[in-house]
Amino acid sequence: MNTSTNTPARAFREVLRAPVSGWAWRELTYLFSGLVVASVVSPVVYVLLMTSAGLLITFVGVPLLALTLVFCRGVGTLERWRARLLLRTSVEEPEPLRPAAGRGGVLAAMWATLRSGSAWRHTLYTVLHLPWAVCSAVASMVLWSVGWGLLTHPLWYWVFPRYAGQPGIQLEGDGYGDGRYVDTPFEIGVVALIGLALVLLTPWVVHALTWVDRLLVRGLLGPSPLASQVRRLEEDRGQVVDTASADLRRIERDLHDGAQARLVALAMDLGLAKEKLTEDPEAAARMVDEAHGEVKLALQELRDLARGIHPAILTDRGLGPALSALTTRCTVPVTIHTDLPTRPAPAIEAITYYTVSELLQNISKHSKATHATVELWHNPHRLMLQITDNGQGGATTTHGTGLAGLTERLGSVDGLLLIHSPTGGPTTITAEIPWRDRHEDTPR
């Protein structure tokens, strides 16, 4: 199928369908309902603002201004709902009004309202909405009514000679019967074609007008960039806390079920060997030998556990050697390429090591690959990691918790995980992690 030849045809079909499509009528409804809302709400806000400004020299003006701001925040709730319903535009709730810590009561709430940036942005939206709603609604109404009127002109042109006493639509003249009229079949057809052009054009003009409404709603009725960043940081902090808690539980479980259980058994075996030392030295020697084997196993489990927390080679020699050692434990042959002229911060090294370890484990368990490649490099602001395998593909964040948890872990440090894994392979997973030089995390 030739995409280049289908694109114009698809665009032409979209243009023809636009006048009767659902999105066009929803956007038109949004403009008309916006005019109704603005005609009722904005004059009230104008009066309240002027009254409160005139009374600011008295104490009455301050609470009246605060009530106006609260009213505008309520209007913002209505406008976000209209945008979500008719424009399919979802805008987050703005940051809540927060009185100063340790203060309560009406005065604290009033002061929090007056110093709220979101409340003033809502007020600005309400002030601007009426003139814009009038312009956009009138323009769309004129285009819509004129377009459909001209398009259907062949159906009602007979009204002029029968009821208006003239042969058709007058284009020019003195108003006393002398002039030029649209009264021939050719001219009536041309008028209908002009109407068709306007009917096809109107949905896109309306779409452009509602694009401005989308900008106003997103820019003035949503949270501020700073509030969004704070909210994102709070979510990232929660993910970090959850991840750390899960890691702690895993370490406790591994210690309890592994090394601790072996050490308890070792203590019991040594106790029995001590009792048999005088009675049956050979049995005691065998028990001591078995205990020695248990000690080796316990030490190995402790080393594996410590390596999983933070391998010593990563601290001593950096990412390149640590990842090389990590690839030797993968069941699939791995080729690694690293291009890091300097070492990143320890936290960046740790999360990169964990990411590679998790992805190589997934390749070993699920990919059925015969070869994998790990590439690591960085630009001035991001550390880039790309792992490719020739396995069966189909890797997603929806099946299982490995990739989903890895995405959350990277997101907690403002990182990004991109997955390209079509069914049948190959799979390419790219991770982007913010770059920080090692000296930035060095204590002073």
# chains A, B, ... in the order shown; residues from 1 in each chain; ligands from 1
>>> closest_atom_pairs(of="range 21-97 of chain A", to="range 204-223 of chain A", cutoff="9 Å", atoms="only C-alpha atoms", output="tab-separated table")
residue	atom	partner	partner_atom	distance
A:Trp23	CA	A:His207	CA	8.9
A:Ala24	CA	A:His207	CA	7.3
A:Glu27	CA	A:Thr210	CA	6.7
A:Leu28	CA	A:Val206	CA	6.6
A:Tyr30	CA	A:Thr210	CA	8.1
A:Leu31	CA	A:Thr210	CA	7.4
A:Arg73	CA	A:Leu221	CA	8.3
A:Gly76	CA	A:Leu221	CA	5.9
A:Thr77	CA	A:Leu221	CA	8.2
A:Glu79	CA	A:Val217	CA	7.5
A:Arg80	CA	A:Val217	CA	7.0
A:Ala83	CA	A:Arg214	CA	7.6
A:Leu87	CA	A:Thr210	CA	7.9
A:Thr89	CA	A:Arg214	CA	7.3
A:Ser90	CA	A:Arg218	CA	8.6
A:Val91	CA	A:Gly222	CA	5.8
A:Glu92	CA	A:Gly222	CA	5.6
A:Glu93	CA	A:Gly222	CA	5.8
A:Pro94	CA	A:Pro223	CA	4.0
A:Glu95	CA	A:Pro223	CA	5.7
>>> residues_around(residues="Val44 in chain A", least_positions_apart="4", cutoff="10 Å", atoms="only C-alpha atoms", output="MDAnalysis selection string")
chainID A and resid 38:40 48:49 68 71 126
>>> residues_around(residues="Leu143 in chain A", least_positions_apart="3", cutoff="9 Å", atoms="only C-alpha atoms", output="NGL selection string")
:A and (138-140 or 146-148 or 198-199 or 201-202 or 205)
>>> residues_around(residues="Asn390 in chain A", least_positions_apart="2", cutoff="8 Å", atoms="only C-alpha atoms", output="list in words")
Ala369, Thr370, His371, Ala372, Thr388, Gln392, Gly393, Gly425, Pro426 and Thr427 of chain A
>>> write_last_selection(atoms="N, CA and C atoms", output="tab-separated table (two decimals), in the first residue's frame")
chain	number	residue	atom	x	y	z
A	369	ALA	N	16.67	-15.09	23.14
A	369	ALA	CA	17.64	-14.49	22.23
A	369	ALA	C	18.92	-15.31	22.21
A	370	THR	N	19.70	-15.10	21.14
A	370	THR	CA	21.02	-15.74	21.05
A	370	THR	C	22.15	-14.74	21.17
A	371	HIS	N	21.81	-13.46	21.16
A	371	HIS	CA	22.84	-12.44	21.30
A	371	HIS	C	22.20	-11.13	21.74
A	372	ALA	N	22.93	-10.35	22.53
A	372	ALA	CA	22.46	-9.05	23.00
A	372	ALA	C	23.61	-8.06	22.95
A	388	THR	N	19.93	-4.09	23.04
A	388	THR	CA	19.25	-4.71	21.91
A	388	THR	C	19.47	-6.22	21.97
A	392	GLN	N	12.48	-12.92	20.71
A	392	GLN	CA	11.14	-13.05	20.14
A	392	GLN	C	10.32	-11.77	20.24
A	393	GLY	N	10.79	-10.75	20.97
A	393	GLY	CA	10.07	-9.49	21.07
A	393	GLY	C	8.84	-9.58	21.96
A	425	GLY	N	10.48	-9.77	17.27
A	425	GLY	CA	11.75	-9.13	17.51
A	425	GLY	C	12.23	-8.32	16.31
A	426	PRO	N	13.40	-7.71	16.44
A	426	PRO	CA	14.22	-7.65	17.66
A	426	PRO	C	13.67	-6.63	18.66
A	427	THR	N	14.25	-6.64	19.85
A	427	THR	CA	13.85	-5.72	20.91
A	427	THR	C	14.96	-4.71	21.16
>>> select_by_dssp(residues="range 278-419 of chain A", states="helix (DSSP H, G or I)", output="PyMOL selection string")
chain A and resi 278-279+281-309+312-317+319-328+346-367+402-411
>>> atom_distance(atom1="CA of Val60 in chain A", atom2="CA of Leu128 in chain A")
25.7 Å
>>> closest_residue(among="A:Leu150, A:Ile387, A:Trp156, A:Arg88", to="Val190 in chain A", atoms="only C-alpha atoms")
A:Leu150
>>> atom_distance(atom1="CA of Gly189 in chain A", atom2="CA of Ile169 in chain A")
12.9 Å
>>> residues_around(residues="Ala350 in chain A", least_positions_apart="3", cutoff="8 Å", atoms="only C-alpha atoms", output="PDB file with N, CA, C and O atoms, in the first residue's frame")
ATOM      1  N   HIS A 310      24.937  -3.042  46.092  1.00  0.00           N
ATOM      2  CA  HIS A 310      25.876  -2.135  45.426  1.00  0.00           C
ATOM      3  C   HIS A 310      27.203  -2.857  45.269  1.00  0.00           C
ATOM      4  O   HIS A 310      27.953  -3.014  46.237  1.00  0.00           O
ATOM      5  N   LEU A 314      31.704  -1.654  41.135  1.00  0.00           N
ATOM      6  CA  LEU A 314      31.113  -0.415  40.651  1.00  0.00           C
ATOM      7  C   LEU A 314      31.696   0.782  41.382  1.00  0.00           C
ATOM      8  O   LEU A 314      31.996   1.818  40.781  1.00  0.00           O
ATOM      9  N   PRO A 346      27.674   8.897  41.758  1.00  0.00           N
ATOM     10  CA  PRO A 346      27.404   7.533  42.253  1.00  0.00           C
ATOM     11  C   PRO A 346      25.954   7.108  42.114  1.00  0.00           C
ATOM     12  O   PRO A 346      25.676   5.947  41.790  1.00  0.00           O
ATOM     13  N   ALA A 347      25.012   8.023  42.362  1.00  0.00           N
ATOM     14  CA  ALA A 347      23.599   7.654  42.232  1.00  0.00           C
ATOM     15  C   ALA A 347      23.250   7.294  40.790  1.00  0.00           C
ATOM     16  O   ALA A 347      22.486   6.356  40.540  1.00  0.00           O
ATOM     17  N   TYR A 353      23.484   0.775  36.601  1.00  0.00           N
ATOM     18  CA  TYR A 353      23.855  -0.623  36.835  1.00  0.00           C
ATOM     19  C   TYR A 353      22.603  -1.464  37.099  1.00  0.00           C
ATOM     20  O   TYR A 353      22.455  -2.564  36.542  1.00  0.00           O
ATOM     21  N   TYR A 354      21.715  -0.944  37.930  1.00  0.00           N
ATOM     22  CA  TYR A 354      20.492  -1.692  38.231  1.00  0.00           C
ATOM     23  C   TYR A 354      19.653  -1.874  36.968  1.00  0.00           C
ATOM     24  O   TYR A 354      19.083  -2.947  36.735  1.00  0.00           O
TER      25      TYR A 354
END
>>> atom_distance(atom1="CA of Gly415 in chain A", atom2="CA of Arg343 in chain A")
17.9 Å
>>> closest_residue(among="A:Leu86, A:Ile194, A:Met287, A:Leu360", to="Leu323 in chain A", atoms="only C-alpha atoms")
A:Leu360
>>> residues_around(residues="range 428-431 of chain A", least_positions_apart="4", cutoff="7 Å", atoms="only C-alpha atoms", output="PDB file with all heavy atoms, in the first residue's frame")
ATOM      1  N   MET A 384      22.905   7.955  28.100  1.00  0.00           N
ATOM      2  CA  MET A 384      22.093   7.148  27.193  1.00  0.00           C
ATOM      3  C   MET A 384      22.510   5.684  27.297  1.00  0.00           C
ATOM      4  O   MET A 384      23.694   5.357  27.239  1.00  0.00           O
ATOM      5  CB  MET A 384      22.254   7.635  25.752  1.00  0.00           C
ATOM      6  CG  MET A 384      22.039   9.120  25.551  1.00  0.00           C
ATOM      7  SD  MET A 384      20.363   9.636  25.926  1.00  0.00           S
ATOM      8  CE  MET A 384      19.452   8.738  24.671  1.00  0.00           C
ATOM      9  N   LEU A 385      21.514   4.817  27.436  1.00  0.00           N
ATOM     10  CA  LEU A 385      21.735   3.379  27.533  1.00  0.00           C
ATOM     11  C   LEU A 385      20.810   2.691  26.540  1.00  0.00           C
ATOM     12  O   LEU A 385      19.604   2.954  26.524  1.00  0.00           O
ATOM     13  CB  LEU A 385      21.438   2.895  28.952  1.00  0.00           C
ATOM     14  CG  LEU A 385      21.367   1.382  29.165  1.00  0.00           C
ATOM     15  CD1 LEU A 385      22.722   0.746  28.937  1.00  0.00           C
ATOM     16  CD2 LEU A 385      20.855   1.072  30.569  1.00  0.00           C
ATOM     17  N   GLN A 386      21.370   1.822  25.717  1.00  0.00           N
ATOM     18  CA  GLN A 386      20.561   1.089  24.748  1.00  0.00           C
ATOM     19  C   GLN A 386      20.950  -0.384  24.774  1.00  0.00           C
ATOM     20  O   GLN A 386      22.125  -0.736  24.650  1.00  0.00           O
ATOM     21  CB  GLN A 386      20.750   1.659  23.348  1.00  0.00           C
ATOM     22  CG  GLN A 386      19.780   1.072  22.319  1.00  0.00           C
ATOM     23  CD  GLN A 386      19.860   1.788  20.995  1.00  0.00           C
ATOM     24  OE1 GLN A 386      20.722   1.475  20.170  1.00  0.00           O
ATOM     25  NE2 GLN A 386      18.988   2.763  20.782  1.00  0.00           N
ATOM     26  N   ILE A 387      19.944  -1.225  24.964  1.00  0.00           N
ATOM     27  CA  ILE A 387      20.144  -2.667  24.999  1.00  0.00           C
ATOM     28  C   ILE A 387      19.288  -3.291  23.904  1.00  0.00           C
ATOM     29  O   ILE A 387      18.080  -3.062  23.844  1.00  0.00           O
ATOM     30  CB  ILE A 387      19.785  -3.250  26.374  1.00  0.00           C
ATOM     31  CG1 ILE A 387      20.719  -2.680  27.448  1.00  0.00           C
ATOM     32  CG2 ILE A 387      19.861  -4.761  26.364  1.00  0.00           C
ATOM     33  CD1 ILE A 387      20.499  -3.246  28.821  1.00  0.00           C
ATOM     34  N   THR A 388      19.931  -4.086  23.043  1.00  0.00           N
ATOM     35  CA  THR A 388      19.246  -4.713  21.914  1.00  0.00           C
ATOM     36  C   THR A 388      19.467  -6.220  21.971  1.00  0.00           C
ATOM     37  O   THR A 388      20.569  -6.680  22.309  1.00  0.00           O
ATOM     38  CB  THR A 388      19.788  -4.162  20.582  1.00  0.00           C
ATOM     39  OG1 THR A 388      19.685  -2.741  20.581  1.00  0.00           O
ATOM     40  CG2 THR A 388      19.030  -4.725  19.404  1.00  0.00           C
ATOM     41  N   ASP A 389      18.412  -6.979  21.670  1.00  0.00           N
ATOM     42  CA  ASP A 389      18.555  -8.433  21.574  1.00  0.00           C
ATOM     43  C   ASP A 389      17.783  -8.924  20.362  1.00  0.00           C
ATOM     44  O   ASP A 389      16.878  -8.247  19.872  1.00  0.00           O
ATOM     45  CB  ASP A 389      18.071  -9.126  22.849  1.00  0.00           C
ATOM     46  CG  ASP A 389      16.561  -9.024  23.045  1.00  0.00           C
ATOM     47  OD1 ASP A 389      15.835  -9.751  22.350  1.00  0.00           O
ATOM     48  OD2 ASP A 389      16.123  -8.221  23.888  1.00  0.00           O
ATOM     49  N   LEU A 416      13.859   8.269  31.581  1.00  0.00           N
ATOM     50  CA  LEU A 416      12.876   7.845  30.585  1.00  0.00           C
ATOM     51  C   LEU A 416      13.267   6.472  30.052  1.00  0.00           C
ATOM     52  O   LEU A 416      14.448   6.201  29.838  1.00  0.00           O
ATOM     53  CB  LEU A 416      12.829   8.871  29.446  1.00  0.00           C
ATOM     54  CG  LEU A 416      11.800   8.654  28.336  1.00  0.00           C
ATOM     55  CD1 LEU A 416      10.390   8.795  28.896  1.00  0.00           C
ATOM     56  CD2 LEU A 416      12.015   9.670  27.219  1.00  0.00           C
ATOM     57  N   LEU A 417      12.265   5.621  29.854  1.00  0.00           N
ATOM     58  CA  LEU A 417      12.484   4.290  29.294  1.00  0.00           C
ATOM     59  C   LEU A 417      11.630   4.145  28.040  1.00  0.00           C
ATOM     60  O   LEU A 417      10.411   4.300  28.093  1.00  0.00           O
ATOM     61  CB  LEU A 417      12.118   3.198  30.302  1.00  0.00           C
ATOM     62  CG  LEU A 417      12.505   1.768  29.894  1.00  0.00           C
ATOM     63  CD1 LEU A 417      14.016   1.608  29.973  1.00  0.00           C
ATOM     64  CD2 LEU A 417      11.816   0.745  30.788  1.00  0.00           C
ATOM     65  N   LEU A 418      12.273   3.882  26.900  1.00  0.00           N
ATOM     66  CA  LEU A 418      11.589   3.710  25.619  1.00  0.00           C
ATOM     67  C   LEU A 418      11.746   2.266  25.164  1.00  0.00           C
ATOM     68  O   LEU A 418      12.862   1.738  25.156  1.00  0.00           O
ATOM     69  CB  LEU A 418      12.169   4.658  24.568  1.00  0.00           C
ATOM     70  CG  LEU A 418      12.142   6.156  24.917  1.00  0.00           C
ATOM     71  CD1 LEU A 418      12.846   6.961  23.835  1.00  0.00           C
ATOM     72  CD2 LEU A 418      10.714   6.633  25.092  1.00  0.00           C
ATOM     73  N   ILE A 419      10.640   1.633  24.793  1.00  0.00           N
ATOM     74  CA  ILE A 419      10.638   0.219  24.426  1.00  0.00           C
ATOM     75  C   ILE A 419      10.148   0.077  22.994  1.00  0.00           C
ATOM     76  O   ILE A 419       9.065   0.552  22.647  1.00  0.00           O
ATOM     77  CB  ILE A 419       9.742  -0.597  25.378  1.00  0.00           C
ATOM     78  CG1 ILE A 419      10.208  -0.434  26.832  1.00  0.00           C
ATOM     79  CG2 ILE A 419       9.721  -2.061  24.979  1.00  0.00           C
ATOM     80  CD1 ILE A 419       9.284  -1.062  27.836  1.00  0.00           C
ATOM     81  N   HIS A 420      10.953  -0.576  22.162  1.00  0.00           N
ATOM     82  CA  HIS A 420      10.535  -0.934  20.803  1.00  0.00           C
ATOM     83  C   HIS A 420      10.735  -2.445  20.669  1.00  0.00           C
ATOM     84  O   HIS A 420      11.855  -2.939  20.525  1.00  0.00           O
ATOM     85  CB  HIS A 420      11.367  -0.187  19.757  1.00  0.00           C
ATOM     86  CG  HIS A 420      11.003  -0.566  18.350  1.00  0.00           C
ATOM     87  ND1 HIS A 420       9.801  -0.194  17.768  1.00  0.00           N
ATOM     88  CD2 HIS A 420      11.678  -1.283  17.412  1.00  0.00           C
ATOM     89  CE1 HIS A 420       9.760  -0.671  16.533  1.00  0.00           C
ATOM     90  NE2 HIS A 420      10.876  -1.332  16.292  1.00  0.00           N
ATOM     91  N   SER A 421       9.620  -3.178  20.753  1.00  0.00           N
ATOM     92  CA  SER A 421       9.718  -4.633  20.793  1.00  0.00           C
ATOM     93  C   SER A 421       8.559  -5.247  20.021  1.00  0.00           C
ATOM     94  O   SER A 421       7.601  -5.762  20.604  1.00  0.00           O
ATOM     95  CB  SER A 421       9.710  -5.119  22.253  1.00  0.00           C
ATOM     96  OG  SER A 421       9.859  -6.511  22.324  1.00  0.00           O
TER      97      SER A 421
END
>>> closest_residue(among="A:Leu151, A:Ala119, A:Leu319, A:Val413", to="Leu376 in chain A", atoms="only C-alpha atoms")
A:Leu319
